[in-house]
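Trainee: Before I ask anything, here is the structure I am working with.
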Protein chains: 2
Amino acid sequence: MLFTQTLIPTLREVPADALIVSHRLMFRSGMLRKLANGLFTYLPLGLRSFRKVEAIVREEMDAIGALEIKPPVVVPGELWKESGRWETMGEAMLRARNRLGGDFVVSPTAEEAVTSLVRDTLASYRQLPLTVYQINTKYRDEIRPRYGVMRGREFTMKDAYSYHAGAKSLDATYEAMGAAYRRIFTRCGLSVIPVRADSGAMGGSDSEEFMVESAIGDNTLILCRECGYAANVEKAACREEAAVQGADTPALESIHTPSVKTIEQLCAFLNTGADHFIKTLIYRARNVALDLSTAPGTQALSPRQSPGDAQAVYPEAFFAVAIRGDLEVNEVKLAAVLKASEVALAADADVERLTAAPVGFAGPVGLRGLPLVADLTVMAIPEGITGALAADTHYQHVVYGRDFIPWLTADLRTVVSGDRCGVCGGALYEKKGNELGHIFKLGYKYTRSMGVSYLDENGAAQTPIMGSYGIGIDRTLASIIEEHHDEAGIIWPMAVAPYQVIIIPISYSGPAKAVADTLAADLEGKGIEVLLDDRNERPGVKFKDADLLGIPYRVVVGEKNLERDMPSVEVKRRDEKEARLVAVSQAEADLLGRVYGELSASA
Amino acid sequence: MLFTQTLIPTLREVPADALIVSHRLMFRSGMLRKLANGLFTYLPLGLRSFRKVEAIVREEMDAIGALEIKPPVVVPGELWKESGRWETMGEAMLRARNRLGGDFVVSPTAEEAVTSLVRDTLASYRQLPLTVYQINTKYRDEIRPRYGVMRGREFTMKDAYSYHAGAKSLDATYEAMGAAYRRIFTRCGLSVIPVRADSGAMGGSDSEEFMVESAIGDNTLILCRECGYAANVEKAACREEAAVQGADTPALESIHTPSVKTIEQLCAFLNTGADHFIKTLIYRARNVALDLSTAPGTQALSPRQSPGDAQAVYPEAFFAVAIRGDLEVNEVKLAAVLKASEVALAADADVERLTAAPVGFAGPVGLRGLPLVADLTVMAIPEGITGALAADTHYQHVVYGRDFIPWLTADLRTVVSGDRCGVCGGALYEKKGNELGHIFKLGYKYTRSMGVSYLDENGAAQTPIMGSYGIGIDRTLASIIEEHHDEAGIIWPMAVAPYQVIIIPISYSGPAKAVADTLAADLEGKGIEVLLDDRNERPGVKFKDADLLGIPYRVVVGEKNLERDMPSVEVKRRDEKEARLVAVSQAEADLLGRVYGELSASA
């Protein structure tokens, strides 16, 4: 391809809104242009690499027997009402109403559309397991789209969905999918951090995220350098503290604490550390699917069961949550423990009503009005300090089991740097990361709510169990640039390079033109993707653009080297400092060997 | 690919809403399923052929130097407001408003999005001509989506846009595009009827539609069997009638015509044919860009010129349109002549006000209140009969030029079967057709309204001229099936077949299984796409499904033929009646030769 015959509008200046290196380089190299906030047009150069990432994903999906389909991008709102997500997806889902008053959704994901298809198609257990996927346009209306295609509004996602006769079959597909994801990222030249939702044991996980390290990452990862443990902070666990027996502890004692409102003030007042304090917070939870019939203070609540629901839920319930004073409650863990759709700190008025005390004096001792949920750390405090459910009053020498018994205990802490690894005891540390892919055992959520069934070996109707598996194509592409660049531009891994060789004649005329044209034609005849810079520009401009574009091999054709005894060209790999002189007669073979060598190494 | 490892849910029954053969066969062969009205999911089999059509289109676009890009599907409403189409696109355009109150459009076409990109990218005449294209999702909210993907709501379109420094360059790209379209449809095995907007002279056309004949076509085509003239009825012209001199005609005479309201009644009353009558209709036109300063009855009108407009327009104006009584006015031609955005018959009250007569008595003689536009046929009526602008009164012996002079004369008639061809004089006939592609010289409409410019050789800012070129991928796919099928199912042309060979072991066990597996693996190793029917079904079911799926070559592997002296399989082309016995040892070579032979014949 001649440079002047394609559209590669390179830029020297950096656009003001390009905050990260991939956005800057994709823009400057002419891979894409912004159409509007969070909406981008891929230009020919960007689209070439985009399609290569897409092709790698497709190959690996096909290799594990996933079947490609193409559902529409615009789907009826009715499907989302069936699954219940019409209400819960929030405002990030772009909705449209057509002239006939029908509700439509620009798909942010496709559990509903695909499950509807499977419902219409699945008849017998013989069709299972069934894994289908699409590589298609998605839309999520980010309020503040930033970082180019790393967090755009419209994006392309590979999303796969699997259906199974049982959990064992789901486990097998889930593991095959995880292995395929690892191959995809390796082939793209990406170092990903696979983050399992559980403690890392094989097979037991019900979700795994594939993260890349990123200073602007949406996610905080908790990692162990010693054993490789990796978890999203939302789910990360650490070594439990040993529970202690408070047998020799002095009796509970009330202390007057005037003007003390915060834990910091209390620590100063008592001259002790926050880790001696049992912090007690009041949470409001919505749609609680936990059975509260034995929980204190919930007699007035009655659960509701909608026809499609597997379980009755309490629309609203309050909980007291106790945790060691130097730690934070992880609300994702709390919601999971309570089987709630949402948890949030209760309003002051609710706190005062439920604890019969001013805000700041809640505590576990004598608490009657609501269920107490205690983090595991509370059991490891030999003698604690707590609010005493009365103004300006605390208790000290508080002992778990003697002075209070929680209704429920669970791991609720937010793990932080320095906590001990739950697997090996090593020191955990934090990193910011971006999620490129996610594999997830969905269970029966969609197949039950949407009424999917098949006949088993005995002719009985059964509901299939389901998994879902996504990869963001645009974000994967941008992440490759984040990992492979230098100050001068992109350094493409061969497998995803837009072109494999760039040929730069110092001047596109005379013998240099002839050699450049012949080499380009010969290489293209052998399947190599060549960009020939035929522009009437100074060599410096062409070299700068070649570095910016990041094409793996650069061939410079200059008159001087052609006039040597052995007419030669200069060949340089993008990440090497020095070029090699290669005889014109050897150039084709040299480049063929290198390009195909690198391609097969990454296949 | 093993049949049981993919998802091909064939059906015996015909879905009730499948009215045309392509819809029935795509559904029955398991190529697609309906998600909702006008929204379809392609299943693996359908997607394979879909991708082949897409690939043919892509190859032919790349071959003429068009550059593939990927704009977003969802675009901001602002762009459509810039071009003015936010108002004019009507309710078929799906609009959404996001949480921040921003207007968005699910693209029905992309002139705006691409012109916005070119505006940001184009700097110099050296970048021109520039042709870009996408193959992407489109949405048009059909009120009554029917006929499967032939007229769906969401569809995939290849849309290309070209930008040029002048009309000559646009002509060249337009002709190259037309030639590419012809190659695309030929490679897809389609007989298309190219329909030019003008009389068929090369180079002068500003639009060409590529039609396929279809009983359920949206378009009526006017065709000449003798010279090949083809036009959409909206624009079709025919041989003009010779103008006559009415020198010897008796003087104009008023006749009393009580209770005569229609032309039929008048013909009966006067015992004459409708072709003696000069029918006069009153039209209301909107946004008329014609200069009306010399037109009668328009003194009170004043044209408006918006800042971006090239020309002043009259928001509303009325016209009397005269035509021979047996003919119909073609409103598309009329709007073009008046340079109006819309024309429609005037309301009765307007007719009575403007003609000062009851409805039914309009006529050209003495008409003062509005401009008269006459079809060319009016000049060929030696003595006509017309309304006399008074109740129950007509004129006879009306002569053009003597009794009335129109403000404007033009070709306004709707051509019908039996009219004479304007090129060769042959008899024209009508056919219904569906449009698969359209190439169109857009002129400066978008580049002017959206402010696109480049610097010419002299450094002066210029506006580029533009063309647009579309092909519906889904509709092309469905049309292939419409043209290639029989009662038993689809008969795929090799180039777009989902698989090229289907192997059917009578029983998938023993030696038949071994031969089938080996042949499939050998062919796949040579790049042939093979479906192996490994299902535990009766042979009759497998044969019926093979006919339904329409895969070009069927190989039946049966024990009996394997037990011959020369172990053999049966090979049959889908459109042949009889199978040939081919030695197992020859089968691979036989099929390779045939499949690759057919592929290269259509490439």
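Chain lettering (A, B, ...) mirrors the order of the structure tokens, residue numbering begins at 1 for each chain separately, and ligand numbering begins at 1 in order of display.
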Show me, as number ranges by chain, the residues of chain B whose atoms get within 6 Å of chain A, using only C-alpha atoms for the distance check.
Mentor: B: 41-44, 68-71, 96
Trainee: Could you save those same residues with C-alpha atoms as a tab-separated table (two decimals), in the first residue's frame?
Mentor:
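Result went into again-v7.tsv, see below:
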```
chain	number	residue	atom	x	y	z
B	41	THR	CA	-30.17	-13.20	14.77
B	42	TYR	CA	-27.92	-14.88	12.21
B	43	LEU	CA	-27.03	-18.40	13.33
B	44	PRO	CA	-23.66	-19.96	12.38
B	68	GLU	CA	-12.29	0.96	4.98
B	69	ILE	CA	-13.06	2.88	8.17
B	70	LYS	CA	-15.29	2.16	11.14
B	71	PRO	CA	-17.42	5.03	12.39
B	96	ALA	CA	-32.40	8.29	21.76
```
Trainee: If we count only C-alpha atoms, what is near A:Ile282 at a cut-off of 7 Å, once residues fewer than 4 positions away on the same chain are taken out, given as a ChimeraX atom specification?
Mentor: /A:318-321,345-346,351
Trainee: Based on the selection just made, write C-alpha atoms of those residues as a PDB file, in the first residue's frame.
Mentor:
```
ATOM      1  CA  PHE A 318     -31.354  -2.394  58.265  1.00  0.00           C
ATOM      2  CA  PHE A 319     -28.263  -4.056  59.694  1.00  0.00           C
ATOM      3  CA  ALA A 320     -25.629  -3.096  62.237  1.00  0.00           C
ATOM      4  CA  VAL A 321     -22.169  -3.990  60.959  1.00  0.00           C
ATOM      5  CA  LEU A 345     -24.923   3.681  55.076  1.00  0.00           C
ATOM      6  CA  ALA A 346     -28.233   4.513  56.747  1.00  0.00           C
ATOM      7  CA  VAL A 351     -29.368   5.407  62.901  1.00  0.00           C
TER       8      VAL A 351
END
```
Trainee: Interatomic distance between atom CA of A:Lys81 and atom CA of A:Ser107?
Mentor: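 Pair atom CA of A:Lys81 / atom CA of A:Ser107 returns 13.6 Å.
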Trainee: Can you work out which one of A:Glu435, A:Tyr446, A:Glu383, A:Gly597 has the shortest atom-to-atom distance to A:Gln245, counting only C-alpha atoms?
Mentor: A:Glu383
Trainee: Excluding stretch 455-459 of chain B and residues on its chain fewer than 3 positions from it, collect all residues at most 8 Å away from it, counting only C-alpha atoms, and give them as a list in words.
Mentor: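 Contacts, with the query itself left out: Ala123, Ser124, Tyr125 and Gln462 of chain B.
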Trainee: Generate the output file for the selected residues, C-alpha atoms, as a compact mmCIF listing (two decimals), in the first residue's frame.
Mentor:
```
# COMPACT_ATOMS: atom_id res chain seq x y z
CA ALA B 123 -6.43 19.77 4.36
CA SER B 124 -5.03 19.75 0.84
CA TYR B 125 -6.09 18.96 -2.72
CA GLN B 462 -12.52 25.10 -1.91
```
Trainee: Determine which residues of stretch 85-278 of chain B receive a DSSP assignment of strand (DSSP E or B), computed from the backbone, and state them as a compact mmCIF listing (two decimals) with N, CA and C atoms, in the first residue's frame.
Mentor:
```txt
# COMPACT_ATOMS: atom_id res chain seq x y z
N LEU B 94 -34.19 6.15 14.26
CA LEU B 94 -34.35 5.85 15.69
C LEU B 94 -33.49 6.82 16.49
N ARG B 95 -34.13 7.58 17.34
CA ARG B 95 -33.45 8.59 18.14
C ARG B 95 -33.48 8.19 19.60
N ALA B 96 -32.45 8.58 20.33
CA ALA B 96 -32.40 8.29 21.76
C ALA B 96 -31.88 9.53 22.45
N ARG B 97 -32.31 9.73 23.67
CA ARG B 97 -31.78 10.84 24.46
C ARG B 97 -31.10 10.22 25.66
N ASP B 103 -28.96 14.34 22.37
CA ASP B 103 -29.68 13.59 21.35
C ASP B 103 -28.73 12.67 20.61
N PHE B 104 -29.15 11.44 20.38
CA PHE B 104 -28.35 10.49 19.63
C PHE B 104 -29.21 9.83 18.56
N VAL B 105 -28.54 9.33 17.54
CA VAL B 105 -29.21 8.66 16.43
C VAL B 105 -28.56 7.31 16.23
N VAL B 106 -29.36 6.26 16.06
CA VAL B 106 -28.82 4.97 15.62
C VAL B 106 -28.77 5.07 14.09
N SER B 124 -5.59 19.32 2.13
CA SER B 124 -5.03 19.75 0.84
C SER B 124 -5.65 18.98 -0.32
N LEU B 130 -10.75 11.14 -2.39
CA LEU B 130 -10.73 10.28 -1.21
C LEU B 130 -12.04 9.50 -1.15
N THR B 131 -11.94 8.18 -1.15
CA THR B 131 -13.14 7.35 -1.03
C THR B 131 -13.00 6.47 0.21
N VAL B 132 -13.93 6.59 1.14
CA VAL B 132 -13.91 5.75 2.33
C VAL B 132 -15.20 4.95 2.38
N TYR B 133 -15.14 3.81 3.05
CA TYR B 133 -16.37 3.02 3.21
C TYR B 133 -16.37 2.29 4.53
N GLN B 134 -17.55 1.86 4.92
CA GLN B 134 -17.70 1.01 6.09
C GLN B 134 -18.66 -0.12 5.73
N ILE B 135 -18.56 -1.21 6.48
CA ILE B 135 -19.58 -2.27 6.40
C ILE B 135 -20.08 -2.39 7.82
N ASN B 136 -21.25 -1.85 8.07
CA ASN B 136 -21.62 -1.64 9.47
C ASN B 136 -23.13 -1.72 9.66
N THR B 137 -23.50 -1.75 10.92
CA THR B 137 -24.90 -1.86 11.32
C THR B 137 -25.66 -0.57 11.05
N LYS B 138 -26.85 -0.71 10.48
CA LYS B 138 -27.73 0.43 10.26
C LYS B 138 -29.10 0.09 10.85
N TYR B 139 -29.87 1.12 11.10
CA TYR B 139 -31.21 0.89 11.64
C TYR B 139 -32.18 1.85 10.97
N ARG B 146 -41.18 -6.63 6.93
CA ARG B 146 -41.69 -7.88 6.36
C ARG B 146 -40.60 -8.55 5.57
N ARG B 151 -36.40 -6.84 4.27
CA ARG B 151 -36.84 -5.52 4.71
C ARG B 151 -36.90 -5.50 6.24
N GLU B 154 -33.09 -3.59 11.50
CA GLU B 154 -31.64 -3.47 11.59
C GLU B 154 -31.04 -4.27 10.44
N PHE B 155 -30.03 -3.72 9.82
CA PHE B 155 -29.41 -4.40 8.69
C PHE B 155 -27.97 -3.94 8.59
N THR B 156 -27.22 -4.66 7.74
CA THR B 156 -25.83 -4.27 7.53
C THR B 156 -25.70 -3.69 6.14
N MET B 157 -25.06 -2.55 6.06
CA MET B 157 -24.91 -1.90 4.78
C MET B 157 -23.44 -1.60 4.55
N LYS B 158 -23.00 -1.77 3.30
CA LYS B 158 -21.73 -1.19 2.90
C LYS B 158 -22.07 0.19 2.38
N ASP B 159 -21.55 1.21 3.04
CA ASP B 159 -21.79 2.55 2.51
C ASP B 159 -20.45 3.24 2.31
N ALA B 160 -20.28 3.76 1.10
CA ALA B 160 -19.03 4.44 0.73
C ALA B 160 -19.35 5.90 0.42
N TYR B 161 -18.36 6.75 0.66
CA TYR B 161 -18.52 8.17 0.40
C TYR B 161 -17.24 8.66 -0.27
N SER B 162 -17.38 9.41 -1.36
CA SER B 162 -16.19 9.91 -2.03
C SER B 162 -16.21 11.43 -2.07
N TYR B 163 -15.00 12.01 -2.03
CA TYR B 163 -14.82 13.47 -1.99
C TYR B 163 -13.83 13.84 -3.09
N HIS B 164 -14.12 14.90 -3.82
CA HIS B 164 -13.37 15.22 -5.03
C HIS B 164 -13.16 16.72 -5.18
N ILE B 193 -30.51 -5.58 -12.48
CA ILE B 193 -30.91 -4.64 -13.53
C ILE B 193 -30.38 -3.28 -13.09
N PRO B 194 -29.33 -2.77 -13.78
CA PRO B 194 -28.84 -1.46 -13.39
C PRO B 194 -29.78 -0.41 -13.96
N VAL B 195 -30.24 0.47 -13.11
CA VAL B 195 -31.23 1.46 -13.51
C VAL B 195 -30.64 2.84 -13.32
N ARG B 196 -30.38 3.51 -14.45
CA ARG B 196 -29.82 4.85 -14.36
C ARG B 196 -30.94 5.86 -14.24
N SER B 207 -27.26 9.15 -10.77
CA SER B 207 -27.60 8.10 -9.82
C SER B 207 -27.91 6.83 -10.58
N GLU B 208 -27.59 5.70 -9.99
CA GLU B 208 -27.87 4.42 -10.63
C GLU B 208 -28.26 3.43 -9.53
N GLU B 209 -29.38 2.78 -9.75
CA GLU B 209 -29.84 1.79 -8.78
C GLU B 209 -29.60 0.40 -9.35
N PHE B 210 -29.23 -0.54 -8.47
CA PHE B 210 -29.02 -1.92 -8.90
C PHE B 210 -30.17 -2.73 -8.34
N MET B 211 -31.04 -3.16 -9.25
CA MET B 211 -32.29 -3.79 -8.86
C MET B 211 -32.25 -5.29 -9.13
N VAL B 212 -32.97 -6.04 -8.34
CA VAL B 212 -33.29 -7.42 -8.71
C VAL B 212 -34.80 -7.52 -8.85
N GLU B 213 -35.22 -8.32 -9.82
CA GLU B 213 -36.65 -8.52 -10.02
C GLU B 213 -37.23 -9.21 -8.79
N ASN B 219 -40.03 -1.21 -5.74
CA ASN B 219 -39.90 -0.29 -6.86
C ASN B 219 -40.58 -0.84 -8.11
N THR B 220 -41.08 0.07 -8.93
CA THR B 220 -41.57 -0.31 -10.24
C THR B 220 -40.53 0.12 -11.26
N LEU B 221 -40.13 -0.82 -12.10
CA LEU B 221 -39.13 -0.52 -13.13
C LEU B 221 -39.80 -0.42 -14.48
N ILE B 222 -39.31 0.48 -15.31
CA ILE B 222 -39.78 0.61 -16.68
C ILE B 222 -38.63 0.13 -17.57
N LEU B 223 -38.90 -0.88 -18.36
CA LEU B 223 -37.84 -1.55 -19.11
C LEU B 223 -38.18 -1.61 -20.59
N CYS B 224 -37.13 -1.59 -21.42
CA CYS B 224 -37.33 -1.77 -22.86
C CYS B 224 -36.64 -3.05 -23.29
N ALA B 230 -33.61 0.93 -18.91
CA ALA B 230 -34.18 0.54 -17.63
C ALA B 230 -34.22 1.77 -16.74
N ALA B 231 -35.36 2.03 -16.14
CA ALA B 231 -35.46 3.18 -15.25
C ALA B 231 -36.48 2.89 -14.16
N ASN B 232 -36.25 3.54 -13.03
CA ASN B 232 -37.25 3.51 -11.98
C ASN B 232 -38.43 4.34 -12.46
N CYS B 238 -40.25 8.62 -21.57
CA CYS B 238 -40.58 7.85 -22.77
C CYS B 238 -40.51 8.79 -23.96
N GLU B 253 -64.57 27.08 -27.34
CA GLU B 253 -66.03 27.09 -27.17
C GLU B 253 -66.38 26.57 -25.78
N SER B 254 -67.23 27.27 -25.12
CA SER B 254 -67.67 26.88 -23.79
C SER B 254 -68.83 25.91 -23.91
N ILE B 255 -68.80 24.83 -23.09
CA ILE B 255 -69.92 23.87 -23.12
C ILE B 255 -70.44 23.66 -21.71
N HIS B 256 -71.75 23.50 -21.63
CA HIS B 256 -72.39 23.29 -20.34
C HIS B 256 -72.32 21.80 -20.00
N PHE B 277 -58.45 15.19 -23.37
CA PHE B 277 -58.70 16.09 -22.26
C PHE B 277 -57.37 16.65 -21.73
N ILE B 278 -57.36 17.94 -21.39
CA ILE B 278 -56.19 18.50 -20.69
C ILE B 278 -56.55 18.57 -19.21
```
Trainee: Residues of stretch 15-131 of chain B that have any atom at most 8 Å from an atom of stretch 174-183 of chain B: could you tabulate them with the shortest-distance atom pair and the distance in Å to one decimal, using only C-alpha atoms, ordered by chain and increasing number, as JSON lines?
Mentor:
```
{"residue": "B:Glu60", "atom": "CA", "partner": "B:Ala180", "partner_atom": "CA", "distance": 5.8}
{"residue": "B:Met61", "atom": "CA", "partner": "B:Ala180", "partner_atom": "CA", "distance": 7.1}
{"residue": "B:Ile64", "atom": "CA", "partner": "B:Ala176", "partner_atom": "CA", "distance": 6.8}
```
Trainee: Using the selection just defined, write its residues with C-alpha atoms as a PDB file, in the first residue's frame.
Mentor:
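The file below, again-v6.pdb, is the result:
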```pdb
ATOM      1  CA  GLU B  60     -14.189  -5.064  -4.703  1.00  0.00           C
ATOM      2  CA  MET B  61     -14.128  -1.865  -2.666  1.00  0.00           C
ATOM      3  CA  ILE B  64     -10.913   0.347  -6.544  1.00  0.00           C
TER       4      ILE B  64
END
```
